[in-house]
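Pasted below: query.txt, compact mmCIF, C-alpha atoms and all ligand atoms.
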```
# COMPACT_ATOMS: atom_id res chain seq x y z
CA MET Z 315 1.01 23.31 -119.80
CA PRO Z 316 -0.10 23.49 -116.11
CA LEU Z 317 2.44 24.25 -113.35
CA ARG Z 318 2.79 21.21 -111.12
CA SER Z 319 5.05 20.01 -108.35
CA LYS Z 320 7.17 17.01 -109.09
CA ILE Z 321 9.03 14.73 -106.68
CA THR Z 322 12.62 14.95 -107.92
CA GLY Z 323 14.30 12.99 -105.11
CA THR Z 324 13.40 10.59 -102.30
CA GLY Z 325 15.35 9.46 -99.24
CA SER Z 326 14.86 7.59 -96.00
CA TYR Z 327 16.61 6.57 -92.82
CA VAL Z 328 15.85 4.18 -89.97
CA PRO Z 329 17.90 3.81 -86.76
CA GLY Z 330 20.21 0.81 -86.44
CA THR Z 331 18.71 -0.92 -83.39
CA VAL Z 332 16.26 -3.70 -84.29
CA LEU Z 333 13.54 -4.70 -81.80
CA THR Z 334 11.91 -8.00 -82.81
CA ASN Z 335 8.60 -9.52 -81.73
CA PHE Z 336 10.67 -12.06 -79.78
CA ASP Z 337 12.36 -9.20 -77.88
CA LEU Z 338 8.87 -7.88 -77.02
CA GLU Z 339 7.80 -11.30 -75.72
CA LYS Z 340 10.32 -10.68 -72.93
CA LYS Z 341 8.87 -7.23 -72.06
CA VAL Z 342 5.07 -7.72 -72.18
CA ASP Z 343 2.52 -10.54 -72.31
CA THR Z 344 2.51 -10.99 -76.10
CA SER Z 345 3.77 -13.40 -78.75
CA ASP Z 346 5.39 -13.25 -82.17
CA GLU Z 347 2.40 -15.26 -83.43
CA TRP Z 348 -0.20 -12.72 -82.17
CA ILE Z 349 1.68 -9.69 -83.50
CA THR Z 350 2.37 -11.31 -86.89
CA GLU Z 351 -1.20 -12.55 -87.38
CA ARG Z 352 -2.99 -9.40 -86.21
CA THR Z 353 -0.65 -6.79 -87.72
CA GLY Z 354 1.96 -8.27 -90.11
CA ILE Z 355 4.78 -6.68 -88.07
CA LYS Z 356 7.90 -8.80 -87.35
CA GLU Z 357 10.33 -6.13 -86.12
CA ARG Z 358 10.80 -2.37 -85.80
CA ARG Z 359 13.72 0.09 -85.48
CA ILE Z 360 14.32 2.05 -82.28
CA VAL Z 361 16.56 5.06 -81.54
CA LYS Z 362 19.34 4.88 -79.01
CA GLY Z 363 20.94 7.35 -76.57
CA THR Z 364 20.50 10.99 -77.55
CA GLU Z 365 19.29 10.31 -81.11
CA ALA Z 366 16.17 12.42 -81.75
CA THR Z 367 13.69 13.09 -84.56
CA SER Z 368 15.79 15.83 -86.21
CA ASP Z 369 18.73 13.38 -86.46
CA LEU Z 370 16.56 10.93 -88.42
CA CYS Z 371 15.29 13.84 -90.55
CA LEU Z 372 18.85 14.87 -91.39
CA GLU Z 373 19.87 11.49 -92.79
CA ALA Z 374 16.64 11.06 -94.80
CA ALA Z 375 16.91 14.64 -96.11
CA LYS Z 376 20.56 14.18 -97.18
CA ASN Z 377 19.55 11.10 -99.20
CA ALA Z 378 16.65 12.93 -100.86
CA LEU Z 379 18.77 15.99 -101.72
CA GLN Z 380 21.44 13.76 -103.23
CA ALA Z 381 18.82 11.93 -105.33
CA ALA Z 382 17.40 15.29 -106.52
CA ASP Z 383 20.92 16.61 -107.08
CA ILE Z 384 20.31 19.89 -105.25
CA LYS Z 385 22.25 21.70 -102.51
CA PRO Z 386 20.74 22.59 -99.09
CA SER Z 387 21.10 26.31 -99.93
CA GLU Z 388 18.69 25.89 -102.86
CA ILE Z 389 15.75 24.83 -100.63
CA ASP Z 390 13.03 27.48 -100.21
CA LEU Z 391 10.93 25.69 -97.59
CA ILE Z 392 11.34 22.81 -95.13
CA ILE Z 393 8.24 21.08 -93.78
CA VAL Z 394 8.65 18.34 -91.17
CA THR Z 395 5.52 16.30 -90.50
CA THR Z 396 5.71 14.78 -87.03
CA MET Z 397 3.87 14.18 -83.77
CA SER Z 398 7.11 13.31 -81.97
CA GLY Z 399 9.40 16.27 -82.64
CA ASP Z 400 12.58 16.95 -80.67
CA MET Z 401 10.70 19.45 -78.44
CA PRO Z 402 7.44 21.46 -78.57
CA MET Z 403 9.38 24.61 -79.53
CA PRO Z 404 11.20 25.40 -81.78
CA SER Z 405 9.96 23.28 -84.64
CA THR Z 406 11.92 20.19 -85.68
CA ALA Z 407 11.99 21.78 -89.16
CA SER Z 408 14.05 24.68 -87.73
CA LEU Z 409 16.44 22.24 -86.03
CA LEU Z 410 16.77 20.34 -89.32
CA GLN Z 411 17.44 23.60 -91.17
CA LYS Z 412 20.42 24.26 -88.88
CA LYS Z 413 21.78 20.70 -89.15
CA LEU Z 414 21.42 20.72 -92.92
CA GLY Z 415 22.75 24.27 -93.44
CA ALA Z 416 19.70 25.15 -95.53
CA LYS Z 417 20.18 28.87 -94.88
CA ASN Z 418 17.63 30.18 -97.39
CA ALA Z 419 14.65 28.10 -96.30
CA ALA Z 420 11.51 28.92 -94.34
CA ALA Z 421 10.73 26.10 -91.91
CA PHE Z 422 7.77 24.75 -89.97
CA ASP Z 423 6.30 21.53 -88.56
CA LEU Z 424 2.92 20.07 -89.42
CA ASN Z 425 1.06 17.55 -87.28
CA ALA Z 426 -1.74 15.46 -88.74
CA ALA Z 427 -0.52 12.26 -87.03
CA CYS Z 428 -0.25 9.29 -89.41
CA SER Z 429 -1.77 11.33 -92.26
CA GLY Z 430 0.82 14.07 -91.71
CA PHE Z 431 3.02 13.32 -94.70
CA LEU Z 432 0.11 13.58 -97.14
CA TYR Z 433 -1.13 16.78 -95.49
CA GLY Z 434 2.44 18.11 -95.89
CA LEU Z 435 2.52 16.99 -99.52
CA SER Z 436 -0.69 18.92 -100.19
CA VAL Z 437 0.67 22.08 -98.50
CA ALA Z 438 3.97 21.84 -100.41
CA ASP Z 439 2.13 21.19 -103.69
CA ASN Z 440 -0.06 24.27 -103.22
CA PHE Z 441 2.89 26.51 -102.28
CA ILE Z 442 4.63 25.41 -105.48
CA LYS Z 443 1.57 25.68 -107.74
CA GLY Z 444 0.82 29.13 -106.31
CA GLY Z 445 4.36 30.26 -107.09
CA THR Z 446 5.39 31.03 -103.47
CA PHE Z 447 8.22 28.47 -103.39
CA LYS Z 448 10.09 26.55 -106.10
CA LYS Z 449 11.96 23.87 -104.13
CA VAL Z 450 10.46 22.28 -101.01
CA LEU Z 451 11.98 19.65 -98.73
CA LEU Z 452 9.24 17.59 -97.06
CA VAL Z 453 10.22 15.14 -94.32
CA GLY Z 454 7.98 12.73 -92.40
CA ALA Z 455 9.80 11.65 -89.24
CA GLU Z 456 8.91 10.02 -85.95
CA VAL Z 457 10.54 8.74 -82.80
CA MET Z 458 7.47 6.86 -81.60
CA SER Z 459 9.48 4.69 -79.19
CA ARG Z 460 9.85 7.60 -76.72
CA PHE Z 461 6.05 8.03 -76.56
CA LEU Z 462 5.07 4.38 -76.09
CA ASP Z 463 3.97 2.75 -72.86
CA TRP Z 464 6.25 -0.28 -72.75
CA LYS Z 465 3.82 -1.82 -70.25
CA ASP Z 466 0.84 -1.59 -72.66
CA ARG Z 467 0.91 -4.56 -75.03
CA SER Z 468 -1.97 -3.17 -77.10
CA THR Z 469 0.15 -0.24 -78.36
CA CYS Z 470 3.87 -0.83 -77.75
CA VAL Z 471 4.09 -3.68 -80.27
CA LEU Z 472 2.72 -1.56 -83.12
CA PHE Z 473 5.06 1.38 -83.65
CA GLY Z 474 8.63 2.10 -84.74
CA ASP Z 475 11.03 4.98 -85.47
CA GLY Z 476 12.17 6.32 -88.85
CA ALA Z 477 12.16 9.14 -91.39
CA GLY Z 478 11.42 9.58 -95.08
CA ALA Z 479 11.93 12.65 -97.24
CA VAL Z 480 11.07 14.01 -100.66
CA VAL Z 481 12.24 17.04 -102.63
CA LEU Z 482 9.44 18.75 -104.58
CA GLU Z 483 10.20 21.11 -107.46
CA ALA Z 484 8.10 23.21 -109.82
CA ALA Z 485 7.70 21.62 -113.24
CA LYS Z 486 5.50 22.13 -116.26
CA GLY Z 487 3.79 19.21 -117.96
CA LYS Z 488 1.57 16.22 -117.29
CA ARG Z 489 3.86 14.52 -114.75
CA GLY Z 490 3.86 15.36 -111.03
CA ILE Z 491 1.26 15.54 -108.27
CA LEU Z 492 -2.17 15.30 -109.92
CA SER Z 493 -4.33 15.78 -106.83
CA THR Z 494 -4.33 15.65 -103.04
CA HIS Z 495 -7.36 14.97 -100.81
CA LEU Z 496 -7.50 15.82 -97.10
CA TYR Z 497 -10.16 14.88 -94.54
CA SER Z 498 -10.70 14.99 -90.78
CA ASP Z 499 -13.29 13.99 -88.17
CA GLY Z 500 -12.40 15.53 -84.82
CA SER Z 501 -15.42 13.94 -83.13
CA GLN Z 502 -13.38 10.74 -82.84
CA TRP Z 503 -10.24 12.41 -81.46
CA ASP Z 504 -10.08 9.95 -78.57
CA PHE Z 505 -9.65 6.87 -80.80
CA ILE Z 506 -5.90 7.60 -80.93
CA CYS Z 507 -4.32 10.24 -78.72
CA LEU Z 508 -1.45 11.24 -76.48
CA PRO Z 509 -3.29 13.11 -73.73
CA GLY Z 510 -0.48 14.49 -71.56
CA GLY Z 511 2.09 17.25 -71.94
CA GLY Z 512 -0.02 19.87 -73.73
CA SER Z 513 -1.98 22.85 -72.38
CA LEU Z 514 -4.93 20.69 -71.32
CA ASN Z 515 -2.87 18.32 -69.20
CA PRO Z 516 0.53 19.98 -68.64
CA PRO Z 517 3.30 17.75 -67.28
CA SER Z 518 2.79 16.99 -63.58
CA SER Z 519 3.32 14.11 -61.20
CA LYS Z 520 -0.35 13.21 -61.91
CA THR Z 521 0.15 13.00 -65.72
CA ILE Z 522 3.24 10.88 -65.18
CA LYS Z 523 1.53 8.59 -62.65
CA GLU Z 524 -1.46 8.13 -64.94
CA ARG Z 525 0.84 7.39 -67.91
CA MET Z 526 -0.67 10.23 -69.95
CA HIS Z 527 2.53 10.95 -71.90
CA PHE Z 528 2.10 7.80 -73.97
CA VAL Z 529 0.08 6.93 -77.08
CA LYS Z 530 -3.39 5.52 -76.31
CA MET Z 531 -5.44 3.76 -78.97
CA LYS Z 532 -8.84 2.12 -79.27
CA GLY Z 533 -7.37 -0.34 -81.77
CA ASN Z 534 -10.39 -2.36 -82.78
CA GLU Z 535 -12.72 0.66 -83.22
CA THR Z 536 -10.01 2.45 -85.24
CA PHE Z 537 -9.47 -0.65 -87.39
CA LYS Z 538 -13.11 -0.79 -88.50
CA VAL Z 539 -13.32 2.93 -89.39
CA ALA Z 540 -9.93 2.79 -91.16
CA VAL Z 541 -10.92 -0.09 -93.48
CA ARG Z 542 -14.25 1.53 -94.43
CA THR Z 543 -12.79 5.01 -94.88
CA LEU Z 544 -9.74 3.97 -96.92
CA GLU Z 545 -11.76 1.83 -99.33
CA LYS Z 546 -13.95 4.85 -100.21
CA LEU Z 547 -10.96 7.22 -100.26
CA VAL Z 548 -8.94 5.31 -102.86
CA ILE Z 549 -11.93 4.74 -105.15
CA ASP Z 550 -12.95 8.44 -104.97
CA THR Z 551 -9.36 9.60 -105.62
CA LEU Z 552 -9.06 7.53 -108.79
CA LYS Z 553 -12.57 8.53 -109.97
CA GLN Z 554 -11.83 12.24 -109.59
CA ASN Z 555 -8.75 11.79 -111.80
CA ARG Z 556 -10.49 9.46 -114.28
CA VAL Z 557 -7.81 6.84 -113.67
CA LYS Z 558 -8.74 3.15 -113.51
CA SER Z 559 -7.27 0.97 -110.75
CA SER Z 560 -5.90 -1.33 -113.50
CA GLU Z 561 -3.75 1.64 -114.61
CA LEU Z 562 -2.14 2.00 -111.14
CA ALA Z 563 1.51 0.96 -111.05
CA MET Z 564 1.90 1.24 -107.28
CA LEU Z 565 -0.16 1.78 -104.13
CA VAL Z 566 1.89 3.26 -101.27
CA PRO Z 567 -0.31 2.94 -98.17
CA HIS Z 568 0.31 4.08 -94.61
CA GLN Z 569 1.80 1.09 -92.80
CA ALA Z 570 -0.47 0.51 -89.78
CA ASN Z 571 -1.75 -3.02 -90.30
CA LEU Z 572 -1.26 -5.56 -93.11
CA ARG Z 573 -4.92 -6.57 -92.88
CA ILE Z 574 -5.98 -2.95 -93.57
CA ILE Z 575 -3.49 -2.69 -96.47
CA LYS Z 576 -4.76 -5.96 -97.99
CA ALA Z 577 -8.40 -4.87 -97.70
CA THR Z 578 -7.62 -1.63 -99.58
CA ALA Z 579 -5.65 -3.48 -102.28
CA GLU Z 580 -8.47 -5.99 -102.66
CA ARG Z 581 -11.04 -3.20 -103.07
CA LEU Z 582 -8.88 -1.83 -105.90
CA GLY Z 583 -8.33 -5.30 -107.40
CA LEU Z 584 -4.56 -4.77 -107.11
CA PRO Z 585 -2.15 -7.69 -106.65
CA MET Z 586 0.14 -7.30 -103.62
CA SER Z 587 3.11 -7.07 -106.01
CA ARG Z 588 1.83 -3.55 -106.80
CA VAL Z 589 1.56 -2.54 -103.13
CA ALA Z 590 4.46 -1.12 -101.09
CA VAL Z 591 4.77 -2.98 -97.78
CA ASN Z 592 7.49 -2.48 -95.17
CA LEU Z 593 5.65 -2.73 -91.85
CA ASP Z 594 7.07 -6.23 -91.37
CA ARG Z 595 10.50 -4.56 -90.93
CA TYR Z 596 9.63 -1.15 -89.46
CA GLY Z 597 6.18 -1.39 -87.81
CA ASN Z 598 3.97 1.70 -87.92
CA THR Z 599 6.27 4.73 -88.21
CA SER Z 600 3.28 7.13 -88.32
CA SER Z 601 3.93 10.05 -90.70
CA ALA Z 602 7.27 8.53 -91.78
CA SER Z 603 5.74 5.33 -93.14
CA ILE Z 604 4.64 6.58 -96.59
CA PRO Z 605 7.86 8.45 -97.51
CA ILE Z 606 10.01 5.51 -96.32
CA ALA Z 607 7.92 3.05 -98.39
CA LEU Z 608 7.95 5.42 -101.38
CA ASP Z 609 11.74 5.76 -101.22
CA GLU Z 610 12.08 1.97 -101.13
CA VAL Z 611 9.93 1.30 -104.20
CA VAL Z 612 11.60 4.13 -106.13
CA ARG Z 613 15.09 2.83 -105.33
CA GLU Z 614 14.03 -0.73 -106.17
CA GLY Z 615 12.97 0.52 -109.64
CA ARG Z 616 9.32 -0.48 -109.03
CA VAL Z 617 8.11 3.02 -109.98
CA LYS Z 618 8.96 4.29 -113.46
CA LYS Z 619 8.49 7.48 -115.46
CA ASP Z 620 4.80 8.16 -116.30
CA ASP Z 621 3.53 5.55 -113.78
CA TYR Z 622 0.44 6.35 -111.70
CA VAL Z 623 1.24 6.08 -107.97
CA LEU Z 624 -1.48 6.33 -105.31
CA LEU Z 625 -0.63 7.27 -101.71
CA GLU Z 626 -3.13 6.95 -98.81
CA ALA Z 627 -3.14 7.32 -95.03
CA PHE Z 628 -5.39 7.17 -91.99
CA GLY Z 629 -4.60 8.20 -88.43
CA ALA Z 630 -5.28 10.17 -85.28
CA GLY Z 631 -7.58 13.16 -85.47
CA LEU Z 632 -9.18 11.24 -86.98
CA THR Z 633 -7.51 12.29 -90.23
CA TRP Z 634 -7.24 10.62 -93.61
CA ALA Z 635 -5.69 11.70 -96.89
CA SER Z 636 -4.61 10.60 -100.35
CA ALA Z 637 -2.54 11.78 -103.30
CA LEU Z 638 -2.32 10.64 -106.91
CA ILE Z 639 1.01 11.16 -108.66
CA ARG Z 640 2.05 10.72 -112.31
CA TRP Z 641 5.69 9.80 -111.77
N1 LIG C 1 -0.41 -9.51 -77.65
C1 LIG C 1 -1.34 -10.43 -77.33
N2 LIG C 1 -2.65 -10.14 -77.16
C2 LIG C 1 -3.01 -8.86 -77.34
C3 LIG C 1 -2.08 -7.85 -77.68
C4 LIG C 1 -0.73 -8.22 -77.83
N3 LIG C 1 0.21 -7.33 -78.17
N4 LIG C 1 -2.75 -6.68 -77.78
C5 LIG C 1 -4.04 -6.94 -77.53
N5 LIG C 1 -4.21 -8.25 -77.27
C6 LIG C 1 -5.45 -8.96 -76.95
C7 LIG C 1 -6.52 -8.08 -76.39
O1 LIG C 1 -6.37 -7.89 -75.00
C8 LIG C 1 -7.77 -8.85 -76.73
O2 LIG C 1 -7.94 -9.86 -75.80
P1 LIG C 1 -9.42 -10.27 -75.26
O3 LIG C 1 -10.13 -10.76 -76.50
O4 LIG C 1 -9.13 -11.29 -74.26
O5 LIG C 1 -10.00 -8.99 -74.74
C9 LIG C 1 -7.43 -9.52 -78.06
O6 LIG C 1 -6.00 -9.48 -78.16
C10 LIG C 1 -8.03 -8.83 -79.28
O7 LIG C 1 -7.76 -7.45 -79.20
P2 LIG C 1 -8.26 -6.45 -80.31
O8 LIG C 1 -7.84 -5.07 -79.96
O9 LIG C 1 -9.72 -6.68 -80.58
O10 LIG C 1 -7.41 -6.99 -81.57
P3 LIG C 1 -7.49 -6.57 -83.07
O11 LIG C 1 -7.67 -7.75 -83.91
O12 LIG C 1 -8.40 -5.39 -83.30
O13 LIG C 1 -5.98 -6.05 -83.33
C11 LIG C 1 -4.80 -3.97 -83.58
C12 LIG C 1 -5.48 -4.94 -82.62
C13 LIG C 1 -4.35 -2.74 -82.80
C14 LIG C 1 -3.62 -4.67 -84.20
C15 LIG C 1 -5.80 -3.56 -84.70
O14 LIG C 1 -7.04 -3.25 -84.12
C16 LIG C 1 -5.35 -2.37 -85.51
O15 LIG C 1 -4.41 -2.47 -86.28
N6 LIG C 1 -6.08 -1.25 -85.41
C17 LIG C 1 -5.92 -0.11 -86.32
C18 LIG C 1 -4.69 0.65 -86.11
C19 LIG C 1 -4.69 1.82 -87.01
O16 LIG C 1 -4.99 1.76 -88.17
N7 LIG C 1 -4.36 2.98 -86.50
C20 LIG C 1 -4.41 4.16 -87.31
C21 LIG C 1 -3.06 4.61 -87.67
S1 LIG C 1 -2.04 4.80 -86.27
```

Rewritten as structure tokens:
Amino acid sequence: MPLRSKITGTGSYVPGTVLTNFDLEKKVDTSDEWITERTGIKERRIVKGTEATSDLCLEAAKNALQAADIKPSEIDLIIVTTMSGDMPMPSTASLLQKKLGAKNAAAFDLNAACSGFLYGLSVADNFIKGGTFKKVLLVGAEVMSRFLDWKDRSTCVLFGDGAGAVVLEAAKGKRGILSTHLYSDGSQWDFICLPGGGSLNPPSSKTIKERMHFVKMKGNETFKVAVRTLEKLVIDTLKQNRVKSSELAMLVPHQANLRIIKATAERLGLPMSRVAVNLDRYGNTSSASIPIALDEVVREGRVKKDDYVLLEAFGAGLTWASALIRW
């Protein structure tokens, strides 16, 4: 029997404040109709006051640990996937470790933008299969709202805040993570980026004046590459595992745009009842979107023992990734 990693608990958390498309109509030149038609988003959640990424991580992690029935002290490794951590240093994973009291864990952050959670899943899976760690807490968490230009209608309507978490444990048998697939094309780094605040453009009055501390996106160009890339990605992932799309119980896609999600589902011949969708309520929560959606379908009982579940994402880098799980 091969050693695999199995998801033994899921959890998620979104902040309480709801920002609707109608609220945005009052901030920028947009409309509920445009946002709904072009993206599928109706509202998103936004942090308040001093709430930061590690706070969202903590709530999602507590839910996942409870579902897995393990104590914080049992965790060997914490990975937080994020592009919007509390601060550049230390890692948000270290801050979460303190808040959670997970004294025996190693901790680090991983940034692959919207594909981050699946990159983290692959890293966790390989640590477990290699025998380095037995119990890994993986959290995808973002506070996108603090990195959005609330004067730029082409980006500020798209994103939201939230966190999702999974506990991965070593297990023998045919159930668990079957494969992960990671890809990147850095030549198109400028399709989606946040240019200010790093070593290239450190914070200055110029970076603030030129609004470089906010997410920039070439939306339409990204859209076209995303549709093409994801269609090939999901077909290749199933082929490599000799699984037919008719055998898939659930597709859990990154939640960037309903039109992209529908195109991928159509390519697989999957009815939308077998696709996890929550961007209408949360918008694009970047690396948090897949673990939040996964937690929802698990808690709704839409994923059962032995089911095939396919996860896929596309985002800045450009990066894209997938994972096939036998639940
Ligand atoms: N409200 C109203 N009009 C808006 C708007 C808004 N919030 N944002 C843009 N527009 C306008 C544009 O100015 C443009 O007007 P013009 O034709 O007069 O120039 C028009 O709407 C069309 O813009 P375009 O960018 O071509 O729209 P689109 O159909 O491509 O939709 C996105 C834009 C961002 C929703 C879509 O391209 C998308 O989802 N891209 C992919 C995102 C993604 O997958 N990212 C990776 C993960 S983060």

Query raised in the report: From the set Z:Asp423, Z:Asp609, Z:Asp369, Z:Asp343, which residue has the shortest atom-to-atom contact distance to ligand LIG 1 (chain C), counting all atoms listed in the file?
Result: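 Using all atoms listed in the file, the shortest distance to ligand LIG 1 (chain C) belongs to Z:Asp343.
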
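With all atoms listed in the file as the basis for measurement, Z:Leu565 is the residue among Z:Leu552, Z:Leu565, Z:Ile606, Z:Leu409 that approaches Leu624 (chain Z) most closely.
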
Report task. Throw together the list of residues within 9 Å of ligand LIG 1 (chain C), counting all atoms listed in the file, and drop it here as a PyMOL selection string. Result -> chain Z and resi 338-339+342-349+351-354+427-429+466-473+505-506+531-541+568-574+598-600+627-630+632

Report task. Have a look at Z:His527, Z:Ala484, Z:Ile549, Z:Ala375 and name the one nearest to Phe441 (chain Z); count all atoms listed in the file. Result ->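 Of Z:His527, Z:Ala484, Z:Ile549, Z:Ala375, the one nearest Phe441 (chain Z) is Z:Ala484, counting all atoms listed in the file.
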
Query raised in the report: Nearest to Leu414 (chain Z): which of Z:Gly478, Z:Pro517, Z:Pro386, Z:Pro605 is it, counting only C-alpha atoms?
Result: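 Checking each of Z:Gly478, Z:Pro517, Z:Pro386, Z:Pro605 against Leu414 (chain Z), counting only C-alpha atoms, the winner is Z:Pro386.
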
Report task. Compile the contact shell of Leu496 (chain Z) as a list in words: residues with an atom at most 7 Å away, counting only C-alpha atoms, same-chain residues fewer than 4 positions apart removed. Result ->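 Once the adjacent positions are removed, what remains is Tyr433, Trp634, Ala635 and Ser636 of chain Z.
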
Please dump the current selection as a PDB file, in the frame of the given file; keep C-alpha atoms.
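Contents of the output file again_15.pdb:
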```pdb
ATOM      1  CA  TYR Z 433      -1.130  16.780 -95.490  1.00  0.00           C
ATOM      2  CA  TRP Z 634      -7.240  10.620 -93.610  1.00  0.00           C
ATOM      3  CA  ALA Z 635      -5.690  11.700 -96.890  1.00  0.00           C
ATOM      4  CA  SER Z 636      -4.610  10.600-100.350  1.00  0.00           C
TER       5      SER Z 636
END
```

Query raised in the report: Could you name the residues that touch Ser398 (chain Z) at 12 Å or less, counting only C-alpha atoms, but leaving out those on the same chain fewer than 2 positions away, as a PyMOL selection string?
Result: chain Z and resi 366-368+370-371+394-396+400-403+405-406+423-428+430+454-462+474-477+508+511+527-529+599-602

Query raised in the report: From the set Z:Thr324, Z:Gln554, Z:Thr350, Z:Ser408, which residue has the shortest atom-to-atom contact distance to Thr494 (chain Z), counting only C-alpha atoms?
Result: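 Going through Z:Thr324, Z:Gln554, Z:Thr350, Z:Ser408 one by one, the smallest distance to Thr494 (chain Z) is for Z:Gln554.
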
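One finds CA of Thr446 (chain Z) at 17.2 Å from CA of Lys417 (chain Z).
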
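Of the listed residues (Z:Val617, Z:Val611, Z:Leu492, Z:Leu582), Z:Leu492 comes nearest to Arg556 (chain Z); the distances count only C-alpha atoms.
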
Query - Atom pair CA of Lys465 (chain Z) / CA of Glu357 (chain Z): separation (Å) - result: 17.7 Å

Around all the atoms of region 377-394 of chain Z listed in the file, draw an axis-aligned box and extend it by 4 Å on each of the six sides; I want its centre and edge lengths in Å to one decimal, as JSON.
```
{"center_x": 15.2, "center_y": 19.3, "center_z": -99.1, "size_x": 22.0, "size_y": 24.4, "size_z": 23.9}
```

Report task. Would you list the contacts of Thr331 (chain Z) as an MDAnalysis selection string, taking every protein, DNA or RNA residue within 7 Å and counting all atoms listed in the file, but skipping same-chain residues closer than 4 positions in sequence? Result -> chainID Z and resid 359:361

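If you look at CA of Arg489 (chain Z) and CA of Ile639 (chain Z), they are 7.5 Å away from each other.
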
Give me the residues within 7 Å of Ala420 (chain Z) as a PDB file with C-alpha atoms, keeping the file's coordinate frame, counting all atoms listed in the file and dropping any in the same chain fewer than 4 places off.
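Listed below is the output, part14.pdb:
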```pdb
ATOM      1  CA  ASP Z 390      13.030  27.480-100.210  1.00  0.00           C
ATOM      2  CA  LEU Z 391      10.930  25.690 -97.590  1.00  0.00           C
ATOM      3  CA  ILE Z 392      11.340  22.810 -95.130  1.00  0.00           C
TER       4      ILE Z 392
END
```

Report task. Identify the residues within 12 Å of coordinate (6.5, 5.2, -105.8) (same frame as the file), considering all atoms listed in the file, and give the answer as number ranges by chain. Result -> Z: 321-325, 480, 490-491, 562-567, 588-591, 604-625, 637-641
